[in-house]
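Visitor: Dumping the structure here so I can ask a few things about it.
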Amino acid sequence: MNTANQDPECEPILKQIREEIIPLFKAAVSDDSVIFHNTHLARCWEKLGCDRKHCAGFQLEPIRCWQLLGTFCGGKVQGHFVEKYAACEICPTFREACPTLVEELGEQLNNMLFLLRTQKQRAQGAMQKSEHLNKELISALENLDARNREIQEIMTTDRLTGLYNRNYLFTMLEDEFARSARREYMFSLMMIDIDDFKSINDTFGHSSGDKMLSRFGTLLKESLRKFDRAFRYGGEEFVVVLPDTELTVASLVAERIRSAFEKETFAFAVAGEDKPADVSRTISIGVAISSPQTTAEILLTQADEAMYVAKNQGKNRVLKYGDLQEL
């Protein structure tokens with residue numbers, strides 16, 4: 001600023017502005033606590049002789065009442081800063097707080113900073129609320145997803161054995177046929193039946209039969225590879241789908257299952273007896289392999305035919321559908 005022709009009386013004011021006001025602009029950029037400290041602030045309620053106890057500024061220490069929500073002036077309760085500021089500028093309390101240009105500039109700066117910081121706080125509050133709502137939405141979606149998985153599991157799982165159920169078998173077979181055609185591989189399928197299972201229910205009761213079915217479901221899962229799929233087909237019949245597996249390998253897996261179950265022993269209570277009976281059963285397994293010409297129904301029928309021939313040959317054995325022609 002060119003001060004060559006400046007009135008000497010302005011020098012103290014300009015010096016005060018440079019020393020007190022201008023540094024505040026710089027400091028306020030990074031510090032939200034920066035304000036112009038005005039020693040001329042007064043208690044508005046004393047100046048105006050107000051005894052309104054419900055006024056937000058009543059009996060407070062010197063405060064910028066024009067920035068305060070809920071003050072009582074002009075015969076009514078005043079609103080927020082923007083609504084009442086024009087009137088507050090001509091109020092004696094405000095005018096007496098600004099005896100010189102320095103205080104007036106300082107208070108105008110305070111008001112500008114107050115408004116900006118209020119808007120910033122509102123924006124931060126809205127952002128925090130938005131973040132909170134987003135977290136709640138994400139949590140709700142996660143809960144919904146978990147619930148959907150639970151429902152899906154209930155719809156596709158047999159409760160007693162923990163295996164997939166018959167309805168899901170046909171859905172999965174459609175997918176497996178499409179996948180095998182796309183990747184040009186074949187997959188195998190087992191049909192398994194527990195030999196002489198009806199006698200378990202007849203002799204020891206259905207709860208004992210359920211115990212055997214449940215254990216077989218666990219054993220089946222333990223005996224399979226991680227990419228194989230086991231299903232309870234109905235009653236004591238089970239189906240296993242072995243993706244990208246040749247018939248010879250599938251027969252080896254079936255033999256492992258047959259051998260493991262043959263070694264299982266169940267202690268079932270006998271009516272009128274103090275000591276439970278040790279009971280074991282065997283399984284018969286038919287194995288078939290897919291081809292471009294087969295469908296889900298054909299593949300299940302082939303495995304089922306091989307399984308029944310295995311039963312007719314003495315049970316407790318694995319039989320491949322392709323070997324039926326040699327019998």
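Each chain in the structure tokens gets a letter, A, B and so on, in the order shown; residues start at 1 in every chain, and ligands are counted from 1 in the order they appear.
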Per residue of stretch 84-112 of chain A within 8 Å of stretch 41-55 of chain A, which atom pair is closest and at what distance in Å (one decimal), using only C-alpha atoms, listed by chain and increasing number, as JSON lines?
Guide:
{"residue": "A:Thr93", "atom": "CA", "partner": "A:Cys44", "partner_atom": "CA", "distance": 5.8}
{"residue": "A:Glu96", "atom": "CA", "partner": "A:Leu41", "partner_atom": "CA", "distance": 7.7}
{"residue": "A:Ala97", "atom": "CA", "partner": "A:Leu41", "partner_atom": "CA", "distance": 5.0}
Visitor: Would you put the residues from that selection into a file with N, CA and C atoms, as a compact mmCIF listing (two decimals), in the first residue's frame?
Guide:
# COMPACT_ATOMS: atom_id res chain seq x y z
N THR A 93 -25.71 -2.99 21.64
CA THR A 93 -24.69 -3.91 22.16
C THR A 93 -23.61 -4.17 21.13
N GLU A 96 -21.61 -0.82 20.42
CA GLU A 96 -20.68 -0.46 21.49
C GLU A 96 -19.48 -1.41 21.51
N ALA A 97 -19.66 -2.63 20.94
CA ALA A 97 -18.53 -3.56 20.88
C ALA A 97 -17.57 -3.21 19.74
Visitor: Neighbours of A:Lys320 within 7 Å (only C-alpha atoms; same-chain residues fewer than 2 positions away dropped), as a ChimeraX atom specification?
Guide: /A:286-288,306,318,322-323
Visitor: Keeping C-alpha atoms for every residue in the selection just given, could you write it to a file as a compact mmCIF listing (two decimals), in the first residue's frame?
Guide:
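The new file out.txt reads:
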# COMPACT_ATOMS: atom_id res chain seq x y z
CA GLY A 286 -23.67 -98.42 -8.79
CA VAL A 287 -21.38 -96.15 -10.80
CA ALA A 288 -22.08 -94.56 -14.20
CA ALA A 306 -25.90 -100.95 -11.58
CA VAL A 318 -19.40 -101.68 -6.24
CA GLY A 322 -20.60 -100.52 -18.25
CA ASP A 323 -19.95 -103.96 -16.74
Visitor: Name all residues at most 10 Å from stretch 291-304 of chain A (count only C-alpha atoms; drop same-chain ones fewer than 6 positions away) and give them as a list in words.
Guide: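 So the residues in contact are Leu169, Phe170, Thr171, Met172, Leu173, Glu174, Glu176, Phe177, Ser180, Ala181, Glu184, Tyr185, Met186, Phe187, Ser188, Leu189, Met190, Met191, Ile192, Asp193, Glu237, Val239, Ile285, Ala310, Leu319, Lys320, Tyr321, Gly322 and Leu324 of chain A.
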Visitor: Restricting the output to C-alpha atoms, write the selected residues as a PDB file, in the first residue's frame.
Guide:
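Saved to out28.pdb:
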ATOM      1  CA  LEU A 169     -29.304 -82.600  -7.078  1.00  0.00           C
ATOM      2  CA  PHE A 170     -31.183 -81.894 -10.303  1.00  0.00           C
ATOM      3  CA  THR A 171     -30.152 -78.237 -10.291  1.00  0.00           C
ATOM      4  CA  MET A 172     -26.541 -79.205  -9.785  1.00  0.00           C
ATOM      5  CA  LEU A 173     -26.670 -81.902 -12.480  1.00  0.00           C
ATOM      6  CA  GLU A 174     -27.906 -79.366 -15.030  1.00  0.00           C
ATOM      7  CA  GLU A 176     -22.527 -80.058 -14.290  1.00  0.00           C
ATOM      8  CA  PHE A 177     -23.731 -81.215 -17.701  1.00  0.00           C
ATOM      9  CA  SER A 180     -18.662 -80.678 -18.739  1.00  0.00           C
ATOM     10  CA  ALA A 181     -19.877 -79.881 -22.266  1.00  0.00           C
ATOM     11  CA  GLU A 184     -15.116 -81.159 -22.750  1.00  0.00           C
ATOM     12  CA  TYR A 185     -14.787 -83.587 -19.869  1.00  0.00           C
ATOM     13  CA  MET A 186     -16.933 -86.382 -18.426  1.00  0.00           C
ATOM     14  CA  PHE A 187     -18.099 -86.814 -14.862  1.00  0.00           C
ATOM     15  CA  SER A 188     -19.173 -89.831 -12.867  1.00  0.00           C
ATOM     16  CA  LEU A 189     -22.143 -90.483 -10.627  1.00  0.00           C
ATOM     17  CA  MET A 190     -22.707 -93.014  -7.821  1.00  0.00           C
ATOM     18  CA  MET A 191     -25.994 -94.380  -6.591  1.00  0.00           C
ATOM     19  CA  ILE A 192     -25.628 -95.778  -3.050  1.00  0.00           C
ATOM     20  CA  ASP A 193     -28.079 -97.803  -0.991  1.00  0.00           C
ATOM     21  CA  GLU A 237     -30.405 -93.930  -0.964  1.00  0.00           C
ATOM     22  CA  VAL A 239     -26.056 -89.966  -4.825  1.00  0.00           C
ATOM     23  CA  ILE A 285     -22.983 -98.843  -5.083  1.00  0.00           C
ATOM     24  CA  ALA A 310     -24.900-105.200  -7.155  1.00  0.00           C
ATOM     25  CA  LEU A 319     -20.563-102.236  -9.806  1.00  0.00           C
ATOM     26  CA  LYS A 320     -20.001-100.079 -12.906  1.00  0.00           C
ATOM     27  CA  TYR A 321     -22.873 -99.624 -15.326  1.00  0.00           C
ATOM     28  CA  GLY A 322     -20.597-100.517 -18.249  1.00  0.00           C
ATOM     29  CA  LEU A 324     -23.633-104.937 -16.817  1.00  0.00           C
TER      30      LEU A 324
END
Visitor: Using only C-alpha atoms for the distances, tell me which of A:Leu213, A:Gly106, A:Pro99, A:Glu9 is nearest to A:Phe25.
Guide: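 Residue with the minimum atom-to-atom distance to A:Phe25: A:Gly106.
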Visitor: Which one of A:Val309, A:Ile257, A:Leu247, A:Ile200 sits closest to A:Val279 if you count only C-alpha atoms?
Guide: A:Ile200
Visitor: Write down as a PDB file with N, CA and C atoms, in the first residue's frame the residues belonging to stretch 118-327 of chain A that are assigned strand (DSSP E) by DSSP computed on the backbone.
Guide:
ATOM      1  N   SER A 188     -18.570 -88.567 -13.307  1.00  0.00           N
ATOM      2  CA  SER A 188     -19.173 -89.831 -12.867  1.00  0.00           C
ATOM      3  C   SER A 188     -20.204 -89.588 -11.781  1.00  0.00           C
ATOM      4  N   LEU A 189     -21.078 -90.591 -11.621  1.00  0.00           N
ATOM      5  CA  LEU A 189     -22.143 -90.483 -10.627  1.00  0.00           C
ATOM      6  C   LEU A 189     -22.317 -91.833  -9.930  1.00  0.00           C
ATOM      7  N   MET A 190     -22.461 -91.794  -8.613  1.00  0.00           N
ATOM      8  CA  MET A 190     -22.707 -93.014  -7.821  1.00  0.00           C
ATOM      9  C   MET A 190     -24.137 -93.003  -7.301  1.00  0.00           C
ATOM     10  N   MET A 191     -24.735 -94.154  -7.294  1.00  0.00           N
ATOM     11  CA  MET A 191     -25.994 -94.380  -6.591  1.00  0.00           C
ATOM     12  C   MET A 191     -25.693 -95.364  -5.470  1.00  0.00           C
ATOM     13  N   ILE A 192     -25.988 -94.970  -4.228  1.00  0.00           N
ATOM     14  CA  ILE A 192     -25.628 -95.778  -3.050  1.00  0.00           C
ATOM     15  C   ILE A 192     -26.883 -96.130  -2.275  1.00  0.00           C
ATOM     16  N   ASP A 193     -26.949 -97.367  -1.819  1.00  0.00           N
ATOM     17  CA  ASP A 193     -28.079 -97.803  -0.991  1.00  0.00           C
ATOM     18  C   ASP A 193     -27.544 -98.623   0.179  1.00  0.00           C
ATOM     19  N   ILE A 194     -28.054 -98.329   1.382  1.00  0.00           N
ATOM     20  CA  ILE A 194     -27.650 -99.105   2.565  1.00  0.00           C
ATOM     21  C   ILE A 194     -28.383-100.439   2.539  1.00  0.00           C
ATOM     22  N   ARG A 229     -19.614 -83.900  -4.742  1.00  0.00           N
ATOM     23  CA  ARG A 229     -20.860 -83.466  -4.113  1.00  0.00           C
ATOM     24  C   ARG A 229     -21.708 -84.686  -3.748  1.00  0.00           C
ATOM     25  N   ALA A 230     -22.185 -84.705  -2.494  1.00  0.00           N
ATOM     26  CA  ALA A 230     -22.993 -85.828  -2.015  1.00  0.00           C
ATOM     27  C   ALA A 230     -24.413 -85.364  -1.709  1.00  0.00           C
ATOM     28  N   PHE A 231     -25.397 -86.228  -2.014  1.00  0.00           N
ATOM     29  CA  PHE A 231     -26.807 -85.890  -1.855  1.00  0.00           C
ATOM     30  C   PHE A 231     -27.548 -87.049  -1.204  1.00  0.00           C
ATOM     31  N   ARG A 232     -28.528 -86.712  -0.383  1.00  0.00           N
ATOM     32  CA  ARG A 232     -29.465 -87.742   0.069  1.00  0.00           C
ATOM     33  C   ARG A 232     -30.591 -87.794  -0.965  1.00  0.00           C
ATOM     34  N   TYR A 233     -30.689 -88.923  -1.648  1.00  0.00           N
ATOM     35  CA  TYR A 233     -31.628 -89.056  -2.753  1.00  0.00           C
ATOM     36  C   TYR A 233     -33.030 -89.389  -2.259  1.00  0.00           C
ATOM     37  N   GLY A 234     -33.103 -90.085  -1.141  1.00  0.00           N
ATOM     38  CA  GLY A 234     -34.389 -90.459  -0.566  1.00  0.00           C
ATOM     39  C   GLY A 234     -34.233 -91.683   0.312  1.00  0.00           C
ATOM     40  N   GLU A 237     -31.134 -94.036   0.295  1.00  0.00           N
ATOM     41  CA  GLU A 237     -30.405 -93.930  -0.964  1.00  0.00           C
ATOM     42  C   GLU A 237     -29.663 -92.589  -1.047  1.00  0.00           C
ATOM     43  N   PHE A 238     -28.460 -92.653  -1.606  1.00  0.00           N
ATOM     44  CA  PHE A 238     -27.615 -91.473  -1.704  1.00  0.00           C
ATOM     45  C   PHE A 238     -27.002 -91.403  -3.111  1.00  0.00           C
ATOM     46  N   VAL A 239     -26.695 -90.191  -3.531  1.00  0.00           N
ATOM     47  CA  VAL A 239     -26.056 -89.966  -4.825  1.00  0.00           C
ATOM     48  C   VAL A 239     -24.794 -89.138  -4.597  1.00  0.00           C
ATOM     49  N   VAL A 240     -23.743 -89.490  -5.326  1.00  0.00           N
ATOM     50  CA  VAL A 240     -22.502 -88.720  -5.287  1.00  0.00           C
ATOM     51  C   VAL A 240     -22.133 -88.336  -6.720  1.00  0.00           C
ATOM     52  N   VAL A 241     -21.843 -87.065  -6.930  1.00  0.00           N
ATOM     53  CA  VAL A 241     -21.403 -86.579  -8.241  1.00  0.00           C
ATOM     54  C   VAL A 241     -19.915 -86.251  -8.143  1.00  0.00           C
ATOM     55  N   LEU A 242     -19.134 -86.806  -9.084  1.00  0.00           N
ATOM     56  CA  LEU A 242     -17.688 -86.618  -9.086  1.00  0.00           C
ATOM     57  C   LEU A 242     -17.282 -85.896 -10.376  1.00  0.00           C
ATOM     58  N   PHE A 266     -22.623 -99.893  15.182  1.00  0.00           N
ATOM     59  CA  PHE A 266     -23.581 -99.049  15.898  1.00  0.00           C
ATOM     60  C   PHE A 266     -24.114 -99.812  17.110  1.00  0.00           C
ATOM     61  N   ALA A 267     -24.185 -99.129  18.234  1.00  0.00           N
ATOM     62  CA  ALA A 267     -24.745 -99.732  19.452  1.00  0.00           C
ATOM     63  C   ALA A 267     -26.196 -99.292  19.576  1.00  0.00           C
ATOM     64  N   PHE A 268     -27.132-100.212  19.310  1.00  0.00           N
ATOM     65  CA  PHE A 268     -28.556 -99.898  19.352  1.00  0.00           C
ATOM     66  C   PHE A 268     -29.211-100.617  20.534  1.00  0.00           C
ATOM     67  N   ALA A 277     -27.189-103.796  21.397  1.00  0.00           N
ATOM     68  CA  ALA A 277     -26.682-104.713  20.374  1.00  0.00           C
ATOM     69  C   ALA A 277     -25.726-103.965  19.445  1.00  0.00           C
ATOM     70  N   ASP A 278     -24.619-104.596  19.106  1.00  0.00           N
ATOM     71  CA  ASP A 278     -23.678-104.038  18.131  1.00  0.00           C
ATOM     72  C   ASP A 278     -24.155-104.417  16.727  1.00  0.00           C
ATOM     73  N   VAL A 279     -24.443-103.414  15.927  1.00  0.00           N
ATOM     74  CA  VAL A 279     -25.043-103.639  14.618  1.00  0.00           C
ATOM     75  C   VAL A 279     -24.181-102.977  13.547  1.00  0.00           C
ATOM     76  N   ILE A 283     -23.124-101.434   2.188  1.00  0.00           N
ATOM     77  CA  ILE A 283     -23.760-100.632   1.141  1.00  0.00           C
ATOM     78  C   ILE A 283     -23.459-101.232  -0.230  1.00  0.00           C
ATOM     79  N   SER A 284     -24.382-101.026  -1.133  1.00  0.00           N
ATOM     80  CA  SER A 284     -24.192-101.403  -2.537  1.00  0.00           C
ATOM     81  C   SER A 284     -24.135-100.125  -3.360  1.00  0.00           C
ATOM     82  N   ILE A 285     -23.211-100.076  -4.320  1.00  0.00           N
ATOM     83  CA  ILE A 285     -22.983 -98.843  -5.083  1.00  0.00           C
ATOM     84  C   ILE A 285     -22.956 -99.151  -6.573  1.00  0.00           C
ATOM     85  N   GLY A 286     -23.733 -98.374  -7.333  1.00  0.00           N
ATOM     86  CA  GLY A 286     -23.674 -98.423  -8.794  1.00  0.00           C
ATOM     87  C   GLY A 286     -23.017 -97.153  -9.302  1.00  0.00           C
ATOM     88  N   VAL A 287     -22.127 -97.294 -10.282  1.00  0.00           N
ATOM     89  CA  VAL A 287     -21.377 -96.147 -10.805  1.00  0.00           C
ATOM     90  C   VAL A 287     -21.610 -96.036 -12.307  1.00  0.00           C
ATOM     91  N   ALA A 288     -21.894 -94.822 -12.770  1.00  0.00           N
ATOM     92  CA  ALA A 288     -22.083 -94.564 -14.203  1.00  0.00           C
ATOM     93  C   ALA A 288     -21.329 -93.295 -14.567  1.00  0.00           C
ATOM     94  N   ILE A 289     -21.083 -93.119 -15.861  1.00  0.00           N
ATOM     95  CA  ILE A 289     -20.334 -91.954 -16.326  1.00  0.00           C
ATOM     96  C   ILE A 289     -21.126 -91.235 -17.404  1.00  0.00           C
ATOM     97  N   VAL A 318     -19.348-102.787  -5.293  1.00  0.00           N
ATOM     98  CA  VAL A 318     -19.398-101.677  -6.243  1.00  0.00           C
ATOM     99  C   VAL A 318     -19.484-102.264  -7.643  1.00  0.00           C
ATOM    100  N   LEU A 319     -20.395-101.734  -8.456  1.00  0.00           N
ATOM    101  CA  LEU A 319     -20.563-102.236  -9.806  1.00  0.00           C
ATOM    102  C   LEU A 319     -20.692-101.068 -10.777  1.00  0.00           C
ATOM    103  N   LYS A 320     -19.939-101.110 -11.870  1.00  0.00           N
ATOM    104  CA  LYS A 320     -20.001-100.079 -12.906  1.00  0.00           C
ATOM    105  C   LYS A 320     -21.100-100.419 -13.915  1.00  0.00           C
TER     106      LYS A 320
END
Visitor: With a distance cut-off of 8 Å and only C-alpha atoms, select the neighbouring residues of A:Leu69, excluding the residue or stretch itself and same-chain residues fewer than 5 positions from it, and output the selection as a VMD selection string.
Guide: chain A and resid 56 78 to 81
Visitor: What would the file look like if the residues just selected were written as a PDB file, in the first residue's frame with N, CA and C atoms?
Guide:
ATOM      1  N   ALA A  56     -31.388 -16.956  25.785  1.00  0.00           N
ATOM      2  CA  ALA A  56     -30.200 -17.816  25.753  1.00  0.00           C
ATOM      3  C   ALA A  56     -28.960 -17.109  26.277  1.00  0.00           C
ATOM      4  N   GLN A  78     -35.400 -14.671  19.179  1.00  0.00           N
ATOM      5  CA  GLN A  78     -34.734 -14.563  17.889  1.00  0.00           C
ATOM      6  C   GLN A  78     -34.230 -15.926  17.413  1.00  0.00           C
ATOM      7  N   GLY A  79     -34.095 -16.031  16.112  1.00  0.00           N
ATOM      8  CA  GLY A  79     -33.673 -17.295  15.516  1.00  0.00           C
ATOM      9  C   GLY A  79     -32.163 -17.424  15.412  1.00  0.00           C
ATOM     10  N   HIS A  80     -31.715 -18.057  14.329  1.00  0.00           N
ATOM     11  CA  HIS A  80     -30.280 -18.298  14.193  1.00  0.00           C
ATOM     12  C   HIS A  80     -29.574 -17.069  13.621  1.00  0.00           C
ATOM     13  N   PHE A  81     -28.283 -17.187  13.523  1.00  0.00           N
ATOM     14  CA  PHE A  81     -27.406 -16.071  13.157  1.00  0.00           C
ATOM     15  C   PHE A  81     -27.838 -15.360  11.869  1.00  0.00           C
TER      16      PHE A  81
END
Visitor: Which of stretch 14-158 of chain A end up as alpha helix (DSSP H) when DSSP is run on this backbone - answer as a ChimeraX atom specification?
Guide: /A:14-16,22-28,44-47,81-88,92-96,101-156
Visitor: So which residues touch A:Leu101 within 10 Å, counting only C-alpha atoms, skipping near sequence neighbours fewer than 6 positions away, as number ranges by chain?
Guide: A: 13-14, 16-17, 107
Visitor: Would you save the residues of that selection, restricted to N, CA and C atoms, as a short mmCIF file (atom, residue, chain, number, x, y, z; two decimals), in the first residue's frame?
Guide:
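Wrote part-v4.cif, looks like this:
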data_model
loop_
_atom_site.label_atom_id
_atom_site.label_comp_id
_atom_site.auth_asym_id
_atom_site.auth_seq_id
_atom_site.Cartn_x
_atom_site.Cartn_y
_atom_site.Cartn_z
N ILE A 13 -4.42 3.11 13.38
CA ILE A 13 -5.47 2.16 13.02
C ILE A 13 -4.95 1.16 11.99
N LEU A 14 -4.23 1.68 10.98
CA LEU A 14 -3.70 0.79 9.96
C LEU A 14 -2.68 -0.18 10.56
N GLN A 16 -2.68 -1.27 13.60
CA GLN A 16 -3.45 -2.25 14.39
C GLN A 16 -4.10 -3.29 13.49
N ILE A 17 -4.60 -2.84 12.32
CA ILE A 17 -5.19 -3.78 11.36
C ILE A 17 -4.14 -4.76 10.87
N GLU A 107 -14.91 -7.98 14.27
CA GLU A 107 -16.18 -8.67 14.50
C GLU A 107 -16.78 -9.19 13.19
#
Visitor: Rounded to one decimal in Å, what is the spacing between atom CA of A:Gly272 and atom CA of A:Asp202?
Guide: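 Computing the Euclidean distance for atom CA of A:Gly272 and atom CA of A:Asp202 yields 15.5 Å.
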